[in-house]
There are 2 protein chains.
Amino acid sequence: MQEKEISQAVIRRMPRYYRYLGDLLDAGVERISSNDLSQRMNVTASQIRQDLNNFGGFGQQGYGYNVKYLHEEIGKILGLNQKHNIIVIGAGNLGQALANYVKFERLGFMIIGLFDVNPALDGVTVRGIRIRMLDELEAFCGEHHIDIAALTMPKEKADAIANRLVGLGIHAIWNFAHVDLELIDKDVVVENVHLSDSLMQLSYNIVKNQREKENSR
Amino acid sequence: MQEKEISQAVIRRMPRYYRYLGDLLDAGVERISSNDLSQRMNVTASQIRQDLNNFGGFGQQGYGYNVKYLHEEIGKILGLNQKHNIIVIGAGNLGQALANYVKFERLGFMIIGLFDVNPALDGVTVRGIRIRMLDELEAFCGEHHIDIAALTMPKEKADAIANRLVGLGIHAIWNFAHVDLELIDKDVVVENVHLSDSLMQLSYNIVKNQREKENSR
DNA sequence: GTCAATGTGTCAAAGATTTAACAACCAATC
DNA sequence: GATTGGTTGTTAAATCTTTGACACATTGAC
């Protein structure tokens with residue numbers, strides 16, 4: 001039934017296309033060729049055409065791509081044509097930062113709940129969103145349809161909470177805790193944001209750069 | 001002079017090895033085989049051996065890898081044997097979240113400065129780090145050796161600030177702003193953390209999952 | 001309406017990454 | 001100190017990804 005599995009390498013590039021097309025749209029550009037776009041984005045035109053063709057032919061020979069249409073289509077591919085409700089578990093700085101990020105709402109990601117265990121935070125609101133205690137989780141999930149749970153709490157508690165959420169029917173986890181979640185249900189979609197890993201990668205490249213400079217002297 | 005370029009695909013996996021080896025170390029495990037590790041990490045043993053061999057032979061036939069030694073060596077590869085000073089530009093929730101993240105310090109990443117343009121934040125301290133106004137940037141960078149600048153401010157200002165930092169001699173940028181930085185110096189190392197992109201990837205996989213479930217009914 | 005210019009979709013080649021296979025080596029036991 | 005079992009480093013094959021090339025459709029100028 002599946003058309004054909006599309007590699008995650010391709011998927012990783014789609015949000016970037018979406019962003020560039022959005023910028024072009026804002027700038028009033030009506031049409032664009034893969035060649036023109038490739039120069040702006042610093043990738044090959046071939047890659048752009050190949051990537052887009054995974055999802056069907058959005059362009060027209062001799063014309064290029066209609067910016068508005070392509071932007072919309074990529075939006076659909078990424079699921080941005082539907083709203084996604086998010087709850088954030090862990091209302092510390094990071095959790096609150098996510099709640100304050102207005103950009104997400106424009107993409108259809110609505111943060112509708114914040115949870116924590118710290119009684120000092122009970123009832124505090126962040127951009128109109130009330131922080132609730134974790135024991136209200138079950139009731140809240142019963143009342144609202146939740147698509148995504150963002151985990152921004154210490155890693156020690158991540159597995160337990162994640163599986164509690166899975167038990168409540170949540171199918172997607174945006175994981176900021178620095179562990180690989182071990183979930184009871186293998187069908188749950190997990191996207192990890194491991195800031196330490198990102199920092200270590202940066203560090204590797206710094207050291208590499210240093211070595212290269214030393215060697216070229 | 002360069003030994004051999006190591007692909008970023010390999011580098012991306014190194015922090016994860018580092019983390020697992022750290023956990024094993026804490027658990028008191030002395031030695032581990034690529035096979036055992038591969039099962040814990042859910043990758044192939046072949047990949048582990050191949051990855052590690054990019055940097056030299058850390059193991060011993062018939063024995064495996066010494067956990068402590070390998071952990072240290074990967075640390076060195078990732079540049080964790082030296083301290084890195086970080087300044088954060090943008091002392092909003094995200095900037096403060098980074099400043100509060102104690103984990104980074106244990107890896108040698110020291111956040112020593114926070115900068116913002118909001119006068120209401122002037123002089124406020126986060127975990128002992130004083131928030132400074134952006135016009136103090138030049139003086140601060142003159143007094144301290146800065147390795148990394150983390151950009152957690154709105155994307156509109158990112159390019160200007162980034163190039164100002166590059167002008168001050170900073171060679172690495174940890175970019176949380178949702179733009180591709182256009183830098184005057186191509187030798188600067190940039191590591192992007194695009195949370196929106198990550199969320200869109202998650203969204204794609206949610207929609208994909210939905211489709212698959214529908215099709216299998 | 002014709003024709004040159006443009007630019008996609010697609011196929012094939014090149015390149016990169018991952019996996020499998022195995023020889024060479026070490027550890028541990030007897 | 002020989003022998004068995006275990007495990008690496010490394011080579012080769014398989015797979016996946018990216019790039020290049022071009023047939024063919026469409027546009028726009030005249």
# chains A, B, ... in the order shown; residues from 1 in each chain; ligands from 1
$ select_by_dssp --residues "stretch 27-177 of chain B" --states "alpha helix (DSSP H)" --output "compact mmCIF listing (two decimals) with all heavy atoms, in the first residue's frame"
# COMPACT_ATOMS: atom_id res chain seq x y z
N SER B 34 32.35 -4.88 20.53
CA SER B 34 31.52 -4.13 19.58
C SER B 34 30.16 -4.79 19.45
O SER B 34 29.15 -4.11 19.27
CB SER B 34 32.22 -4.05 18.21
OG SER B 34 32.47 -5.34 17.71
N ASN B 35 30.15 -6.10 19.59
CA ASN B 35 28.89 -6.82 19.46
C ASN B 35 27.92 -6.49 20.58
O ASN B 35 26.74 -6.20 20.35
CB ASN B 35 29.17 -8.32 19.42
CG ASN B 35 28.07 -9.07 18.70
OD1 ASN B 35 27.23 -9.67 19.32
ND2 ASN B 35 28.04 -8.96 17.37
N ASP B 36 28.43 -6.53 21.79
CA ASP B 36 27.62 -6.21 22.96
C ASP B 36 27.10 -4.77 22.86
O ASP B 36 25.91 -4.50 23.01
CB ASP B 36 28.49 -6.40 24.21
CG ASP B 36 27.70 -6.32 25.51
OD1 ASP B 36 26.54 -5.89 25.46
OD2 ASP B 36 28.26 -6.66 26.56
N LEU B 37 28.01 -3.86 22.55
CA LEU B 37 27.64 -2.45 22.44
C LEU B 37 26.60 -2.24 21.35
O LEU B 37 25.65 -1.47 21.50
CB LEU B 37 28.89 -1.61 22.17
CG LEU B 37 28.73 -0.08 22.22
CD1 LEU B 37 28.19 0.38 23.56
CD2 LEU B 37 30.06 0.60 21.92
N SER B 38 26.79 -2.96 20.25
CA SER B 38 25.87 -2.79 19.12
C SER B 38 24.45 -3.17 19.50
O SER B 38 23.49 -2.54 19.05
CB SER B 38 26.33 -3.62 17.92
OG SER B 38 26.02 -4.99 18.12
N GLN B 39 24.32 -4.20 20.35
CA GLN B 39 22.98 -4.61 20.77
C GLN B 39 22.35 -3.58 21.69
O GLN B 39 21.17 -3.25 21.56
CB GLN B 39 23.03 -5.98 21.45
CG GLN B 39 22.99 -7.09 20.41
CD GLN B 39 23.41 -8.43 20.95
OE1 GLN B 39 23.83 -8.55 22.11
NE2 GLN B 39 23.33 -9.45 20.12
N ARG B 40 23.16 -3.02 22.59
CA ARG B 40 22.63 -1.98 23.48
C ARG B 40 22.22 -0.75 22.69
O ARG B 40 21.23 -0.09 23.00
CB ARG B 40 23.69 -1.53 24.49
CG ARG B 40 24.03 -2.58 25.51
CD ARG B 40 25.32 -2.17 26.24
NE ARG B 40 25.82 -3.25 27.08
CZ ARG B 40 25.63 -3.32 28.39
NH1 ARG B 40 24.96 -2.38 29.01
NH2 ARG B 40 26.13 -4.32 29.08
N MET B 41 22.99 -0.42 21.67
CA MET B 41 22.76 0.84 20.96
C MET B 41 21.85 0.68 19.74
O MET B 41 21.47 1.66 19.10
CB MET B 41 24.09 1.45 20.51
CG MET B 41 24.96 1.87 21.66
SD MET B 41 26.45 2.75 21.12
CE MET B 41 25.75 4.21 20.37
N ALA B 45 27.38 -4.05 14.76
CA ALA B 45 28.72 -4.09 15.34
C ALA B 45 29.75 -3.62 14.32
O ALA B 45 30.74 -2.97 14.65
CB ALA B 45 29.04 -5.51 15.79
N SER B 46 29.46 -3.93 13.09
CA SER B 46 30.35 -3.55 12.00
C SER B 46 30.50 -2.02 11.94
O SER B 46 31.60 -1.51 11.75
CB SER B 46 29.77 -4.07 10.69
OG SER B 46 30.74 -4.07 9.69
N GLN B 47 29.39 -1.36 12.10
CA GLN B 47 29.44 0.10 12.04
C GLN B 47 30.28 0.67 13.18
O GLN B 47 31.07 1.59 12.97
CB GLN B 47 28.03 0.67 12.11
CG GLN B 47 28.01 2.19 12.07
CD GLN B 47 26.65 2.73 11.71
OE1 GLN B 47 25.75 2.79 12.52
NE2 GLN B 47 26.50 3.12 10.47
N ILE B 48 30.12 0.11 14.34
CA ILE B 48 30.91 0.58 15.48
C ILE B 48 32.40 0.41 15.21
O ILE B 48 33.18 1.35 15.36
CB ILE B 48 30.52 -0.18 16.77
CG1 ILE B 48 29.08 0.19 17.17
CG2 ILE B 48 31.49 0.14 17.90
CD1 ILE B 48 28.57 -0.57 18.38
N ARG B 49 32.77 -0.79 14.75
CA ARG B 49 34.20 -1.02 14.50
C ARG B 49 34.72 -0.10 13.40
O ARG B 49 35.80 0.47 13.51
CB ARG B 49 34.43 -2.48 14.14
CG ARG B 49 34.12 -3.42 15.30
CD ARG B 49 34.86 -4.73 15.18
NE ARG B 49 34.49 -5.49 14.01
CZ ARG B 49 33.44 -6.32 13.96
NH1 ARG B 49 32.68 -6.50 15.02
NH2 ARG B 49 33.16 -6.97 12.86
N GLN B 50 33.92 0.02 12.36
CA GLN B 50 34.30 0.89 11.23
C GLN B 50 34.45 2.34 11.70
O GLN B 50 35.44 3.00 11.36
CB GLN B 50 33.19 0.79 10.17
CG GLN B 50 33.53 1.39 8.83
CD GLN B 50 34.33 0.45 7.97
OE1 GLN B 50 35.55 0.55 7.95
NE2 GLN B 50 33.68 -0.45 7.26
N ASP B 51 33.49 2.81 12.47
CA ASP B 51 33.53 4.19 12.95
C ASP B 51 34.78 4.45 13.77
O ASP B 51 35.51 5.41 13.55
CB ASP B 51 32.29 4.49 13.82
CG ASP B 51 31.04 4.76 12.98
OD1 ASP B 51 31.16 4.86 11.74
OD2 ASP B 51 29.95 4.86 13.56
N LEU B 52 35.02 3.56 14.73
CA LEU B 52 36.14 3.76 15.63
C LEU B 52 37.47 3.69 14.88
O LEU B 52 38.41 4.40 15.20
CB LEU B 52 36.11 2.73 16.76
CG LEU B 52 34.91 2.84 17.70
CD1 LEU B 52 34.97 1.77 18.76
CD2 LEU B 52 34.84 4.22 18.35
N ASN B 53 37.50 2.84 13.87
CA ASN B 53 38.75 2.69 13.13
C ASN B 53 39.12 3.90 12.30
O ASN B 53 40.26 4.01 11.86
CB ASN B 53 38.70 1.46 12.26
CG ASN B 53 39.52 0.39 12.90
OD1 ASN B 53 39.00 -0.35 13.71
ND2 ASN B 53 40.81 0.38 12.60
N VAL B 67 36.51 0.16 28.38
CA VAL B 67 35.49 1.21 28.43
C VAL B 67 36.10 2.57 28.79
O VAL B 67 35.87 3.57 28.11
CB VAL B 67 34.38 0.84 29.43
CG1 VAL B 67 33.42 2.00 29.63
CG2 VAL B 67 33.62 -0.38 28.94
N LYS B 68 36.88 2.59 29.86
CA LYS B 68 37.45 3.86 30.33
C LYS B 68 38.33 4.49 29.26
O LYS B 68 38.20 5.68 28.95
CB LYS B 68 38.27 3.59 31.60
CG LYS B 68 38.83 4.83 32.27
CD LYS B 68 39.11 4.54 33.75
CE LYS B 68 39.59 5.79 34.48
NZ LYS B 68 40.97 6.18 34.08
N TYR B 69 39.19 3.67 28.66
CA TYR B 69 40.12 4.18 27.66
C TYR B 69 39.37 4.71 26.44
O TYR B 69 39.62 5.82 25.96
CB TYR B 69 41.09 3.05 27.26
CG TYR B 69 41.99 3.39 26.10
CD1 TYR B 69 42.96 4.39 26.21
CD2 TYR B 69 41.87 2.70 24.88
CE1 TYR B 69 43.78 4.69 25.14
CE2 TYR B 69 42.70 3.00 23.82
CZ TYR B 69 43.66 4.01 23.95
OH TYR B 69 44.45 4.31 22.89
N LEU B 70 38.42 3.92 25.97
CA LEU B 70 37.69 4.32 24.77
C LEU B 70 36.88 5.60 25.03
O LEU B 70 36.85 6.51 24.18
CB LEU B 70 36.75 3.19 24.31
CG LEU B 70 36.01 3.45 23.00
CD1 LEU B 70 36.96 3.75 21.86
CD2 LEU B 70 35.12 2.25 22.65
N HIS B 71 36.29 5.67 26.20
CA HIS B 71 35.54 6.87 26.58
C HIS B 71 36.42 8.11 26.53
O HIS B 71 36.06 9.13 25.95
CB HIS B 71 34.96 6.66 27.99
CG HIS B 71 34.08 7.78 28.47
ND1 HIS B 71 34.48 8.69 29.39
CD2 HIS B 71 32.80 8.12 28.13
CE1 HIS B 71 33.50 9.55 29.63
NE2 HIS B 71 32.47 9.23 28.87
N GLU B 72 37.60 7.96 27.08
CA GLU B 72 38.55 9.08 27.08
C GLU B 72 38.95 9.47 25.66
O GLU B 72 39.00 10.66 25.32
CB GLU B 72 39.81 8.71 27.86
CG GLU B 72 39.72 9.00 29.35
CD GLU B 72 40.91 8.43 30.11
OE1 GLU B 72 41.96 8.13 29.46
OE2 GLU B 72 40.79 8.25 31.33
N GLU B 73 39.24 8.45 24.87
CA GLU B 73 39.72 8.73 23.51
C GLU B 73 38.66 9.43 22.67
O GLU B 73 38.95 10.35 21.92
CB GLU B 73 40.17 7.43 22.83
CG GLU B 73 41.45 6.85 23.39
CD GLU B 73 42.62 7.83 23.31
OE1 GLU B 73 42.84 8.41 22.24
OE2 GLU B 73 43.30 8.03 24.35
N ILE B 74 37.42 8.97 22.81
CA ILE B 74 36.35 9.63 22.07
C ILE B 74 36.18 11.05 22.57
O ILE B 74 35.96 11.98 21.79
CB ILE B 74 35.02 8.83 22.18
CG1 ILE B 74 35.17 7.48 21.48
CG2 ILE B 74 33.88 9.60 21.55
CD1 ILE B 74 33.95 6.60 21.54
N GLY B 75 36.33 11.23 23.88
CA GLY B 75 36.31 12.58 24.44
C GLY B 75 37.34 13.48 23.77
O GLY B 75 37.04 14.60 23.37
N LYS B 76 38.54 12.95 23.62
CA LYS B 76 39.60 13.73 22.96
C LYS B 76 39.23 14.06 21.52
O LYS B 76 39.44 15.17 21.04
CB LYS B 76 40.92 12.96 22.98
CG LYS B 76 41.64 13.02 24.32
CD LYS B 76 42.99 12.30 24.19
CE LYS B 76 43.41 11.72 25.53
NZ LYS B 76 44.48 10.71 25.36
N ILE B 77 38.71 13.05 20.83
CA ILE B 77 38.31 13.26 19.43
C ILE B 77 37.31 14.40 19.35
O ILE B 77 37.38 15.25 18.46
CB ILE B 77 37.69 11.97 18.86
CG1 ILE B 77 38.78 10.91 18.67
CG2 ILE B 77 36.98 12.24 17.54
CD1 ILE B 77 38.24 9.51 18.47
N ASN B 93 14.23 33.14 27.26
CA ASN B 93 14.05 31.82 27.88
C ASN B 93 15.06 30.80 27.40
O ASN B 93 15.63 30.07 28.19
CB ASN B 93 12.65 31.29 27.58
CG ASN B 93 11.63 31.81 28.58
OD1 ASN B 93 11.65 31.44 29.74
ND2 ASN B 93 10.77 32.71 28.13
N LEU B 94 15.27 30.78 26.09
CA LEU B 94 16.17 29.77 25.55
C LEU B 94 17.60 30.03 26.01
O LEU B 94 18.30 29.12 26.47
CB LEU B 94 16.08 29.75 24.02
CG LEU B 94 16.94 28.73 23.32
CD1 LEU B 94 16.71 27.32 23.86
CD2 LEU B 94 16.68 28.75 21.81
N GLY B 95 18.03 31.29 25.92
CA GLY B 95 19.36 31.64 26.37
C GLY B 95 19.56 31.28 27.84
O GLY B 95 20.59 30.72 28.23
N GLN B 96 18.55 31.58 28.65
CA GLN B 96 18.65 31.27 30.07
C GLN B 96 18.62 29.76 30.31
O GLN B 96 19.29 29.25 31.22
CB GLN B 96 17.52 31.96 30.84
CG GLN B 96 17.66 33.47 30.82
CD GLN B 96 16.76 34.18 31.84
OE1 GLN B 96 16.38 33.59 32.85
NE2 GLN B 96 16.44 35.43 31.57
N ALA B 97 17.84 29.07 29.49
CA ALA B 97 17.81 27.61 29.61
C ALA B 97 19.20 27.04 29.38
O ALA B 97 19.66 26.17 30.13
CB ALA B 97 16.81 27.02 28.61
N LEU B 98 19.89 27.54 28.36
CA LEU B 98 21.25 27.06 28.08
C LEU B 98 22.17 27.36 29.27
O LEU B 98 22.94 26.51 29.70
CB LEU B 98 21.81 27.72 26.82
CG LEU B 98 21.09 27.41 25.50
CD1 LEU B 98 21.78 28.12 24.35
CD2 LEU B 98 21.01 25.91 25.23
N ALA B 99 22.03 28.59 29.79
CA ALA B 99 22.89 28.99 30.92
C ALA B 99 22.65 28.12 32.14
O ALA B 99 23.56 27.89 32.94
CB ALA B 99 22.65 30.46 31.25
N ASN B 100 21.46 27.63 32.29
CA ASN B 100 21.12 26.80 33.45
C ASN B 100 21.49 25.34 33.30
O ASN B 100 21.39 24.57 34.26
CB ASN B 100 19.61 26.90 33.73
CG ASN B 100 19.30 28.04 34.67
OD1 ASN B 100 19.94 28.20 35.70
ND2 ASN B 100 18.32 28.86 34.30
N VAL B 102 23.46 22.53 33.55
CA VAL B 102 24.70 22.18 34.25
C VAL B 102 25.50 21.13 33.47
O VAL B 102 26.73 21.09 33.52
CB VAL B 102 24.38 21.67 35.67
CG1 VAL B 102 25.66 21.37 36.42
CG2 VAL B 102 23.54 22.69 36.41
N LYS B 103 24.78 20.29 32.75
CA LYS B 103 25.42 19.23 32.00
C LYS B 103 26.56 19.72 31.10
O LYS B 103 27.59 19.08 30.97
CB LYS B 103 24.35 18.54 31.14
CG LYS B 103 24.83 17.41 30.25
CD LYS B 103 24.86 16.10 31.01
CE LYS B 103 25.24 14.95 30.10
NZ LYS B 103 24.13 14.52 29.23
N PHE B 104 26.34 20.85 30.46
CA PHE B 104 27.34 21.37 29.53
C PHE B 104 28.69 21.57 30.22
O PHE B 104 29.74 21.28 29.64
CB PHE B 104 26.88 22.69 28.92
CG PHE B 104 25.64 22.57 28.07
CD1 PHE B 104 24.77 23.65 27.93
CD2 PHE B 104 25.34 21.40 27.40
CE1 PHE B 104 23.63 23.55 27.15
CE2 PHE B 104 24.20 21.29 26.62
CZ PHE B 104 23.34 22.37 26.50
N GLU B 105 28.64 22.07 31.47
CA GLU B 105 29.90 22.34 32.18
C GLU B 105 30.68 21.07 32.42
O GLU B 105 31.90 21.07 32.34
CB GLU B 105 29.61 23.03 33.52
CG GLU B 105 29.19 24.46 33.32
CD GLU B 105 29.41 25.32 34.56
OE1 GLU B 105 29.73 24.76 35.63
OE2 GLU B 105 29.24 26.54 34.43
N ARG B 106 29.93 20.00 32.71
CA ARG B 106 30.64 18.74 32.95
C ARG B 106 31.36 18.25 31.70
O ARG B 106 32.27 17.46 31.77
CB ARG B 106 29.63 17.67 33.42
CG ARG B 106 29.17 17.90 34.86
CD ARG B 106 28.75 16.59 35.53
NE ARG B 106 27.61 15.98 34.87
CZ ARG B 106 26.34 16.24 35.17
NH1 ARG B 106 26.04 17.11 36.10
NH2 ARG B 106 25.37 15.65 34.53
N LEU B 137 29.75 43.98 24.42
CA LEU B 137 30.28 42.78 23.78
C LEU B 137 31.77 42.90 23.45
O LEU B 137 32.56 42.01 23.77
CB LEU B 137 29.47 42.50 22.51
CG LEU B 137 29.71 41.19 21.77
CD1 LEU B 137 29.40 40.00 22.67
CD2 LEU B 137 28.84 41.12 20.52
N GLU B 138 32.13 44.00 22.81
CA GLU B 138 33.52 44.19 22.37
C GLU B 138 34.48 44.14 23.56
O GLU B 138 35.50 43.44 23.52
CB GLU B 138 33.68 45.50 21.61
CG GLU B 138 33.23 45.46 20.15
CD GLU B 138 31.72 45.35 19.97
OE1 GLU B 138 30.96 45.61 20.93
OE2 GLU B 138 31.27 44.97 18.87
N ALA B 139 34.13 44.88 24.60
CA ALA B 139 35.00 44.90 25.79
C ALA B 139 35.13 43.50 26.39
O ALA B 139 36.24 43.04 26.71
CB ALA B 139 34.44 45.87 26.83
N PHE B 140 34.00 42.82 26.49
CA PHE B 140 33.99 41.48 27.10
C PHE B 140 34.86 40.51 26.30
O PHE B 140 35.63 39.73 26.86
CB PHE B 140 32.55 40.97 27.20
CG PHE B 140 32.40 39.74 28.04
CD1 PHE B 140 32.21 39.83 29.42
CD2 PHE B 140 32.45 38.47 27.47
CE1 PHE B 140 32.06 38.70 30.20
CE2 PHE B 140 32.31 37.33 28.26
CZ PHE B 140 32.11 37.45 29.62
N CYS B 141 34.71 40.56 24.99
CA CYS B 141 35.49 39.65 24.15
C CYS B 141 36.98 40.00 24.19
O CYS B 141 37.83 39.13 23.94
CB CYS B 141 34.99 39.69 22.71
SG CYS B 141 33.36 38.95 22.52
N GLY B 142 37.28 41.25 24.49
CA GLY B 142 38.68 41.63 24.63
C GLY B 142 39.28 41.05 25.91
O GLY B 142 40.44 40.63 25.93
N GLU B 143 38.46 40.96 26.94
CA GLU B 143 38.96 40.49 28.24
C GLU B 143 38.99 38.97 28.36
O GLU B 143 39.78 38.42 29.11
CB GLU B 143 38.07 41.04 29.36
CG GLU B 143 38.36 42.50 29.73
CD GLU B 143 37.25 43.07 30.61
OE1 GLU B 143 36.73 42.32 31.46
OE2 GLU B 143 36.89 44.24 30.40
N LYS B 155 15.73 35.91 14.43
CA LYS B 155 16.51 35.65 13.23
C LYS B 155 16.88 36.91 12.46
O LYS B 155 17.90 36.94 11.78
CB LYS B 155 15.75 34.67 12.32
CG LYS B 155 14.46 35.18 11.70
CD LYS B 155 14.06 34.24 10.54
CE LYS B 155 12.89 34.78 9.74
NZ LYS B 155 11.59 34.45 10.31
N GLU B 156 16.08 37.96 12.60
CA GLU B 156 16.34 39.19 11.85
C GLU B 156 17.72 39.78 12.19
O GLU B 156 18.38 40.36 11.35
CB GLU B 156 15.26 40.24 12.15
CG GLU B 156 13.91 39.93 11.55
CD GLU B 156 13.18 38.78 12.28
OE1 GLU B 156 13.52 38.50 13.45
OE2 GLU B 156 12.31 38.16 11.66
N LYS B 157 18.12 39.60 13.45
CA LYS B 157 19.38 40.21 13.90
C LYS B 157 20.56 39.26 13.79
O LYS B 157 21.70 39.65 14.03
CB LYS B 157 19.23 40.65 15.35
CG LYS B 157 18.16 41.69 15.58
CD LYS B 157 18.06 42.03 17.06
CE LYS B 157 16.96 43.05 17.31
NZ LYS B 157 16.72 43.28 18.75
N ALA B 158 20.28 38.01 13.45
CA ALA B 158 21.31 36.97 13.56
C ALA B 158 22.53 37.25 12.68
O ALA B 158 23.67 37.19 13.13
CB ALA B 158 20.71 35.61 13.25
N ASP B 159 22.28 37.59 11.41
CA ASP B 159 23.39 37.81 10.49
C ASP B 159 24.32 38.93 10.97
O ASP B 159 25.54 38.78 10.97
CB ASP B 159 22.85 38.15 9.10
CG ASP B 159 22.87 36.94 8.18
OD1 ASP B 159 23.77 36.10 8.34
OD2 ASP B 159 21.98 36.84 7.32
N ALA B 160 23.70 40.03 11.38
CA ALA B 160 24.49 41.19 11.80
C ALA B 160 25.35 40.85 13.01
O ALA B 160 26.56 41.09 13.04
CB ALA B 160 23.58 42.37 12.11
N ILE B 161 24.71 40.24 14.03
CA ILE B 161 25.45 39.87 15.24
C ILE B 161 26.53 38.85 14.94
O ILE B 161 27.66 38.94 15.42
CB ILE B 161 24.50 39.27 16.29
CG1 ILE B 161 23.48 40.31 16.75
CG2 ILE B 161 25.28 38.72 17.46
CD1 ILE B 161 23.95 41.19 17.86
N ALA B 162 26.18 37.87 14.12
CA ALA B 162 27.14 36.81 13.81
C ALA B 162 28.39 37.40 13.19
O ALA B 162 29.51 37.06 13.58
CB ALA B 162 26.50 35.78 12.88
N ASN B 163 28.20 38.32 12.26
CA ASN B 163 29.38 38.90 11.61
C ASN B 163 30.15 39.83 12.55
O ASN B 163 31.37 39.94 12.46
CB ASN B 163 28.96 39.60 10.32
CG ASN B 163 28.79 38.60 9.19
OD1 ASN B 163 29.66 37.78 8.96
ND2 ASN B 163 27.65 38.65 8.52
N ARG B 164 29.42 40.46 13.46
CA ARG B 164 30.10 41.28 14.47
C ARG B 164 30.98 40.37 15.34
O ARG B 164 32.12 40.71 15.66
CB ARG B 164 29.02 41.97 15.33
CG ARG B 164 29.54 42.96 16.35
CD ARG B 164 28.39 43.80 16.88
NE ARG B 164 28.63 44.32 18.22
CZ ARG B 164 27.67 44.81 19.00
NH1 ARG B 164 26.40 44.82 18.57
NH2 ARG B 164 27.96 45.28 20.20
N LEU B 165 30.46 39.21 15.69
CA LEU B 165 31.22 38.25 16.48
C LEU B 165 32.43 37.73 15.72
O LEU B 165 33.53 37.60 16.26
CB LEU B 165 30.32 37.08 16.89
CG LEU B 165 29.26 37.40 17.94
CD1 LEU B 165 28.15 36.37 17.93
CD2 LEU B 165 29.88 37.49 19.33
N VAL B 166 32.21 37.45 14.45
CA VAL B 166 33.32 36.97 13.62
C VAL B 166 34.41 38.04 13.55
O VAL B 166 35.60 37.74 13.66
CB VAL B 166 32.81 36.62 12.20
CG1 VAL B 166 33.97 36.36 11.27
CG2 VAL B 166 31.91 35.40 12.26
N GLY B 167 33.97 39.28 13.46
CA GLY B 167 34.93 40.39 13.47
C GLY B 167 35.72 40.45 14.77
O GLY B 167 36.88 40.88 14.79
$ interface_residues --of "chain A" --to "chain C" --cutoff "7 Å" --atoms "only C-alpha atoms (C1' of nucleotides)" --output "PyMOL selection string"
chain A and resi 33+59-64
$ closest_atom_pairs --of "chain A" --to "chain B" --cutoff "7 Å" --atoms "only C-alpha atoms" --output "CSV"
residue,atom,partner,partner_atom,distance
A:Met1,CA,B:Asn215,CA,6.0
A:Gln2,CA,B:Glu212,CA,6.9
A:Ile11,CA,B:Gln201,CA,6.7
A:Arg12,CA,B:Gln201,CA,6.6
A:Pro15,CA,B:Asp197,CA,5.3
A:Ile77,CA,B:Tyr204,CA,6.7
A:Leu78,CA,B:Tyr204,CA,4.4
A:Gly79,CA,B:Tyr204,CA,5.6
A:Asn93,CA,B:Ala97,CA,4.7
A:Leu94,CA,B:Ala97,CA,5.2
A:Gln96,CA,B:Asn93,CA,6.6
A:Ala97,CA,B:Asn93,CA,4.7
A:Phe104,CA,B:Ser196,CA,6.8
A:Ala172,CA,B:Ile206,CA,6.8
A:Val189,CA,B:Ile206,CA,6.5
A:Glu191,CA,B:Leu202,CA,5.8
A:Ser196,CA,B:Phe104,CA,6.8
A:Asp197,CA,B:Pro15,CA,5.3
A:Met200,CA,B:Leu78,CA,5.9
A:Gln201,CA,B:Arg12,CA,6.6
A:Leu202,CA,B:Glu191,CA,5.8
A:Ser203,CA,B:Gly79,CA,5.7
A:Tyr204,CA,B:Leu78,CA,4.4
A:Asn205,CA,B:Val189,CA,6.6
A:Ile206,CA,B:Val189,CA,6.5
A:Val207,CA,B:Gly79,CA,6.0
A:Glu212,CA,B:Gln2,CA,6.8
A:Asn215,CA,B:Met1,CA,6.0
$ closest_residue --among "B:Leu183, B:Ile32, B:Val10, B:Ile112" --to "chain D" --atoms "only C-alpha atoms (C1' of nucleotides)"
B:Ile32
$ interface_residues --of "chain D" --to "chain A" --cutoff "10 Å" --atoms "only C-alpha atoms (C1' of nucleotides)" --output "ChimeraX atom specification"
/D:16-20,24-27
$ closest_residue --among "A:Leu151, A:Ile87, A:Ile170, A:Met110" --to "A:Ile131" --atoms "only C-alpha atoms"
A:Ile87
$ select_by_dssp --residues "stretch 39-183 of chain A" --states "strand (DSSP E)" --output "ChimeraX atom specification"
/A:59-60,64-66,84-89,109-116,125-126,129-133,148-151,172-175
$ atom_distance --atom1 "atom CA of B:Leu114" --atom2 "atom CA of A:Val124"
25.4 Å
$ atom_distance --atom1 "atom CA of B:Glu136" --atom2 "atom CA of B:Gly113"
10.6 Å
$ decode --residues "stretch 167-172 of chain B" --atoms "N, CA and C atoms" --output "compact mmCIF listing (two decimals), in the first residue's frame"
# COMPACT_ATOMS: atom_id res chain seq x y z
N GLY B 167 33.97 39.28 13.46
CA GLY B 167 34.93 40.39 13.47
C GLY B 167 35.72 40.45 14.77
N LEU B 168 35.12 39.98 15.84
CA LEU B 168 35.79 39.97 17.14
C LEU B 168 36.66 38.72 17.33
N GLY B 169 36.74 37.91 16.29
CA GLY B 169 37.65 36.77 16.34
C GLY B 169 37.02 35.45 16.76
N ILE B 170 35.70 35.41 16.83
CA ILE B 170 35.05 34.16 17.24
C ILE B 170 34.95 33.20 16.05
N HIS B 171 35.31 31.96 16.27
CA HIS B 171 35.43 31.02 15.17
C HIS B 171 34.35 29.95 15.13
N ALA B 172 33.46 29.99 16.11
CA ALA B 172 32.42 28.95 16.14
C ALA B 172 31.09 29.53 16.59
